[in-house]
Amino acid sequence: MNTDLTGSAPMLRRVSQDRRAGAGWSRHRGLVTAIAVFALLLATVAALGNGGLSYFDLSFLASGGATLAIAAMGATLVILTGGFDLSAGAVISLVNVALALGLAGGESASPLALTAAGIAIGMAAGAFNGFFVAVLRLQPIVVTLSTMFILQGATLLIMDKPGGAVAPALAEFYMGDAVPGLVPMPLALLATLGLAWAWFKRTRAGVALYAVGSDAESARAAGLRVDATRFLAYVMAGGLYGLAGVFLSAQTGSGDPLVGNPLLLSLFAAVVVGGTRLGGGRGGPMGSVFGAYILMIVVNILLVLNVSAYFSTVAEGLILIAAALAAAASRDSALALQLRAAAARWRAWRAGMLPRQLGGPDRRLALPAADSAAAAAPRPGFAVRHAQTLRYALPAVVCLLLVLVVTQWTLGRSLTHWGYWNALIVLSSFLAILALGQGAVILTGGLDLSLPWTIGLSGILFAGMTQGMDAAMPGALAAVLLVGCLIGLVNGLAVAALGLSPIVATLAVNGILQGLALLYSGGTPAGFAPPLLRGFMTGQVLGVTPVVPAMALFAVLAVLLLSHTAFGRRVYAVGNSVRAARLAGVPVGRTLVCAYVLSGLCAALAGILLTGFSGQASLGMGDDYLLPSIAAVVVGGGLITGGRGHYLGMLAGVLLLTALQTLLAGSNLPYATRAILYGLVVLGAVIALRERRA
């Protein structure tokens with residue numbers, strides 16, 4: 001790839017001049033606010049300590065937030081270009097286990113060699129993301145989500161449980177003092193990165209980051225190397241994730257294949273709190289550093305006040321939402337527009353000027369009567385009417401057939417044995433339900449990342465309310481489904497009314513739900529599924545599990561909902577063009593809210609059925625369904641940016657992924673391998689089905 005970023009010097013000079021001209025409060029508002037909040041929280045910590053802050057306290061705080069701060073700097077670089085990276089935590093985990101297993105010389109290696117190795121691993125992961133995003137121009141969300149699962153699988157293959165030992169020299173280097181008694185090493189490291197950023201952002205490549213994030217098409221038209229800039233951003237971000245993994249390894253002294261997973265919510269909360277605008281073009285890594293320390297200090301304050309640690313994810317989710325609202329606060333924000341529109345409707349109602357209050361003849365546009373010749377024309381055949389649906393869903397069907405053939409060849413008695421089909425449909429039922437909700441959200445151009453803990457909380461609530469009693473099942477079922485709808489309503493209002501990014505809103509809600517599930521269960525879910533539900537999910541009547549005919553009915557209703565109702569047509573209209581849909585009279589906000597409510601309802605139902613299938617609920621029971629719920633839509637021909645897809649294609653994707661999982665389980669391959677294959681399948685599907693004009 002040509003990485004020359006100097007294609008248009010006048011454009012770069014103009015962007016740089018515009019940024020200098022916009023200097024002041026408007027451009028530095030986020031950073032200044034983050035610094036002020038950080039100082040206030042630091043003063044609060046000092047007051048709670050009753051003795052001020054000693055050097056030991058400052059050193060402890062510096063080391064405690066450094067990992068998140070470094071990773072947040074990397075995520076900021078990607079966001080500045082208008083991208084998004086969900087693979088940061090997985091990169092950190094991979095670097096951690098690699099160093100714990102003695103990479104680059106083991107215990108005798110120097111800290112610099114270990115640091116270089118960690119950064120190299122991170123940059124390789126970043127280059128992987130950058131290739132698919134910048135060169136093939138795939139959606140950053142689905143690429144980095146797939147990379148996250150691939151890297152998590154690779155990490156588990158390297159180390160399937162905590163262990164190993166990191167070279168002691170690494171801890172001595174990063175946990176010590178840069179200047180004894182004056183400057184802790186973590187602060188020196190962050191200061192060095194800050195100076196490097198201060199230099200880089202004044203280079204042509206640094207200015208290009210802001211130009212691409214502000215308006216990629218204008219930057220491209222002006223001759224900037226947009227693709228090279230994005231590729232560079234992902235590579236640099238990966239290097240910083242690797243450095244964060246090195247620092248974390250120095251802190252822990254051992255390896256843990258899941259150590260980076262909890263950082264995802266905190267990572268984006270730190271970026272938003274630091275004043276970086278999601279969508280690109282404004283902000284910077286130094287604001288994210290202060291955002292990271294703000295989050296860490298808030299959690300520490302909660303612990304000092306003896307508030308349960310389970311509230312930490314709730315606090316982070318609320319802070320993320322509040323920071324996103326504050327960053328988007330302006331006269332033209334979605335919330336401001338909603339409030340002005342509501343005020344205008346209120347005034348019109350008081351004055352009796354609403355259309356429904358005026359009465360009179362119907363003035364709506366009357367469509368001309370159908371031409372008799374056109375009405376008499378024969379209706380196109382099924383293949384013609386559904387040509388696009390068949391085109392995009394056919395690859396999933398073909399791959400499903402191939403998997404079935406391989407299963408029959410390797411395991412035997414599959415295609416001709418009803419027990420296999422019965423088990424396949426039962427195992428597919430959870431994902432088939434989730435595909436309807438997630439598919440509806442994706443068709444609108446959104447994404448629901450709150451599914452894991454909506455499923456988990458629903459299952460925990462249901463088991464806790466029923467306590468294994470059939471008599472309590474109807475009330476618990478209604479209550480939990482209502483909770484799912486309320487979760488979807490919160491997501492939908494956050495996106496439609498508050499104007500938050502679907503990723504930010506649903507990721508924050510997922511963190512809040514995790515905290516609520518921990519608080520409700522006390523960290524140990526109790527209760528069991530009622531026997532009636534157990535029989536519905538695992539019993540058999542005349543050789544058929546009861547859930548099987550129920551899923552056939554569900555599939556028919558799902559097809560009717562998305563393809564033959566006004567709601568379904570509105571979902572497609574919003575996904576194709578929000579502006580065109582609004583001009584055509586489609587209630588965009590209501591449609592978005594309904595799509596997220598449907599997703600929450602489906603997730604709650606899946607959580608209930610999972611509880612019935614396993615007999616009890618467990619923490620994290622929904623974690624394995626986030627990528628498959630998106631993969632089923634994408635593999636089935638859905639477009640991740642919305643407007644294209646059909647539930648029958650999604651159902652084919654569900655059966656494909658489940659049949660593949662069954663085949664892998666029969667071959668005794670571990671979960672890590674399945675995670676890698678899932679990620680590769682999604683990437684392959686996106687590449688094969690991407691829009692060529694992209």
# chains A, B, ... in the order shown; residues from 1 in each chain; ligands from 1

$ residues_around --residues "range 582-588 of chain A" --least-positions-apart "6" --cutoff "9 Å" --atoms "only C-alpha atoms" --output "list of chain:residue names"
A:Ala496, A:Arg570, A:Val571, A:Ala573, A:Val574

$ select_by_dssp --residues "range 73-196 of chain A" --states "strand (DSSP E)" --output "list in words"
Asp177, Ala178, Val179, Val183 and Pro184 of chain A

$ atom_distance --atom1 "CA of Tyr310 in chain A" --atom2 "CA of Leu518 in chain A"
6.0 Å

$ closest_residue --among "A:Thr565, A:Thr611, A:Thr203, A:Thr444" --to "Leu477 in chain A" --atoms "only C-alpha atoms"
A:Thr611

$ residues_around --residues "range 44-49 of chain A" --least-positions-apart "6" --cutoff "8 Å" --atoms "only C-alpha atoms" --output "list in words"
Ile297, Ile301 and Val304 of chain A

$ residues_around --residues "Cys602 in chain A" --least-positions-apart "2" --cutoff "8 Å" --atoms "only C-alpha atoms" --output "list in words"
Ile433, Leu434, Leu436, Gly437, Gly484, Leu598, Ser599, Gly600, Ala604, Leu605 and Ala606 of chain A

$ closest_residue --among "A:Gly280, A:Gly620, A:Gly253, A:Pro140" --to "Glu172 in chain A" --atoms "only C-alpha atoms"
A:Gly253

$ closest_atom_pairs --of "range 30-139 of chain A" --to "range 255-268 of chain A" --cutoff "9 Å" --atoms "only C-alpha atoms" --output "CSV"
residue,atom,partner,partner_atom,distance
A:Leu68,CA,A:Leu267,CA,6.5
A:Ala69,CA,A:Leu267,CA,8.1
A:Ala71,CA,A:Leu267,CA,7.0
A:Ala72,CA,A:Leu267,CA,5.4
A:Ala75,CA,A:Leu267,CA,7.6
A:Thr76,CA,A:Phe268,CA,8.7
A:Leu86,CA,A:Leu264,CA,7.2
A:Ser87,CA,A:Leu264,CA,8.4
A:Ala88,CA,A:Leu264,CA,7.3
A:Gly89,CA,A:Gly260,CA,4.2
A:Ala90,CA,A:Gly260,CA,5.9
A:Val91,CA,A:Gly260,CA,7.7
A:Ile92,CA,A:Gly260,CA,5.5
A:Ser93,CA,A:Gly260,CA,4.9
A:Leu94,CA,A:Pro257,CA,7.0
A:Asn96,CA,A:Gly255,CA,5.5
A:Val97,CA,A:Gly255,CA,4.6
A:Ala98,CA,A:Gly255,CA,7.9
A:Leu99,CA,A:Gly255,CA,7.6
A:Ala100,CA,A:Gly255,CA,5.0
A:Leu101,CA,A:Gly255,CA,7.7

$ select_by_dssp --residues "range 137-340 of chain A" --states "alpha helix (DSSP H)" --output "MDAnalysis selection string"
chainID A and resid 140:158 168:174 185:200 204:214 216:221 226:252 263:273 285:304 311:328 334:340

$ closest_residue --among "A:Leu232, A:Leu145, A:Met73, A:Val483" --to "Gly679 in chain A" --atoms "only C-alpha atoms"
A:Leu145

$ atom_distance --atom1 "CA of Ile79 in chain A" --atom2 "CA of Leu114 in chain A"
27.8 Å

$ residues_around --residues "range 314-325 of chain A" --least-positions-apart "4" --cutoff "6 Å" --atoms "only C-alpha atoms" --output "PyMOL selection string"
chain A and resi 269+272-273+329+508+511-512+515

$ atom_distance --atom1 "CA of Gly459 in chain A" --atom2 "CA of Thr673 in chain A"
26.9 Å

$ closest_residue --among "A:Ser110, A:Thr276, A:Thr229, A:Ser667" --to "Leu411 in chain A" --atoms "only C-alpha atoms"
A:Ser667

$ residues_around --residues "range 536-551 of chain A" --least-positions-apart "6" --cutoff "9 Å" --atoms "only C-alpha atoms" --output "list in words"
Trp418, Gly419, Asn422, Ala423, Ile425, Val426, Ser429, Ala432, Ile433, Leu609, Leu610, Gly612, Phe613 and Ser614 of chain A

$ write_last_selection --atoms "N, CA and C atoms" --output "PDB file, in the first residue's frame"
ATOM      1  N   TRP A 418     -33.262 -38.530  12.209  1.00  0.00           N
ATOM      2  CA  TRP A 418     -34.080 -37.429  12.733  1.00  0.00           C
ATOM      3  C   TRP A 418     -33.502 -36.844  14.019  1.00  0.00           C
ATOM      4  N   GLY A 419     -32.842 -37.666  14.812  1.00  0.00           N
ATOM      5  CA  GLY A 419     -32.275 -37.159  16.051  1.00  0.00           C
ATOM      6  C   GLY A 419     -31.296 -36.019  15.819  1.00  0.00           C
ATOM      7  N   ASN A 422     -33.388 -32.915  14.944  1.00  0.00           N
ATOM      8  CA  ASN A 422     -34.077 -32.435  16.145  1.00  0.00           C
ATOM      9  C   ASN A 422     -33.110 -31.666  17.041  1.00  0.00           C
ATOM     10  N   ALA A 423     -31.925 -32.235  17.259  1.00  0.00           N
ATOM     11  CA  ALA A 423     -30.920 -31.566  18.092  1.00  0.00           C
ATOM     12  C   ALA A 423     -30.441 -30.270  17.447  1.00  0.00           C
ATOM     13  N   ILE A 425     -32.098 -28.228  15.485  1.00  0.00           N
ATOM     14  CA  ILE A 425     -33.105 -27.179  15.626  1.00  0.00           C
ATOM     15  C   ILE A 425     -33.173 -26.679  17.066  1.00  0.00           C
ATOM     16  N   VAL A 426     -33.062 -27.601  18.027  1.00  0.00           N
ATOM     17  CA  VAL A 426     -33.075 -27.184  19.435  1.00  0.00           C
ATOM     18  C   VAL A 426     -31.898 -26.263  19.726  1.00  0.00           C
ATOM     19  N   SER A 429     -32.332 -22.802  18.253  1.00  0.00           N
ATOM     20  CA  SER A 429     -33.482 -21.997  18.666  1.00  0.00           C
ATOM     21  C   SER A 429     -33.068 -20.681  19.321  1.00  0.00           C
ATOM     22  N   ALA A 432     -31.705 -18.373  16.621  1.00  0.00           N
ATOM     23  CA  ALA A 432     -32.762 -17.982  15.693  1.00  0.00           C
ATOM     24  C   ALA A 432     -33.612 -16.868  16.280  1.00  0.00           C
ATOM     25  N   ILE A 433     -33.876 -16.939  17.582  1.00  0.00           N
ATOM     26  CA  ILE A 433     -34.641 -15.879  18.247  1.00  0.00           C
ATOM     27  C   ILE A 433     -33.830 -14.592  18.293  1.00  0.00           C
ATOM     28  N   LEU A 609     -35.158 -19.410  27.634  1.00  0.00           N
ATOM     29  CA  LEU A 609     -35.012 -20.739  27.037  1.00  0.00           C
ATOM     30  C   LEU A 609     -33.660 -21.363  27.368  1.00  0.00           C
ATOM     31  N   LEU A 610     -32.616 -20.548  27.422  1.00  0.00           N
ATOM     32  CA  LEU A 610     -31.300 -21.068  27.817  1.00  0.00           C
ATOM     33  C   LEU A 610     -31.328 -21.605  29.243  1.00  0.00           C
ATOM     34  N   GLY A 612     -33.949 -22.837  30.720  1.00  0.00           N
ATOM     35  CA  GLY A 612     -34.659 -24.107  30.660  1.00  0.00           C
ATOM     36  C   GLY A 612     -33.813 -25.219  30.080  1.00  0.00           C
ATOM     37  N   PHE A 613     -32.976 -24.895  29.110  1.00  0.00           N
ATOM     38  CA  PHE A 613     -32.143 -25.910  28.465  1.00  0.00           C
ATOM     39  C   PHE A 613     -31.056 -26.422  29.406  1.00  0.00           C
ATOM     40  N   SER A 614     -30.427 -25.498  30.150  1.00  0.00           N
ATOM     41  CA  SER A 614     -29.325 -25.891  31.035  1.00  0.00           C
ATOM     42  C   SER A 614     -29.802 -26.249  32.436  1.00  0.00           C
TER      43      SER A 614
END

$ residues_around --residues "Leu443 in chain A" --least-positions-apart "3" --cutoff "6 Å" --atoms "only C-alpha atoms" --output "MDAnalysis selection string"
chainID A and resid 439:440 575 642:643

$ write_last_selection --atoms "N, CA and C atoms" --output "tab-separated table (two decimals), in the first residue's frame"
chain	number	residue	atom	x	y	z
A	439	GLY	N	-31.23	-8.77	14.00
A	439	GLY	CA	-31.42	-8.48	12.58
A	439	GLY	C	-32.24	-7.24	12.34
A	440	ALA	N	-33.31	-7.05	13.12
A	440	ALA	CA	-34.13	-5.84	12.97
A	440	ALA	C	-33.31	-4.59	13.27
A	575	GLY	N	-33.20	1.87	7.36
A	575	GLY	CA	-31.86	1.36	7.10
A	575	GLY	C	-31.27	1.81	5.78
A	642	GLY	N	-27.14	-1.76	7.26
A	642	GLY	CA	-28.59	-1.65	7.24
A	642	GLY	C	-29.20	-1.67	5.86
A	643	GLY	N	-30.52	-1.93	5.83
A	643	GLY	CA	-31.29	-1.81	4.61
A	643	GLY	C	-31.36	-3.05	3.75
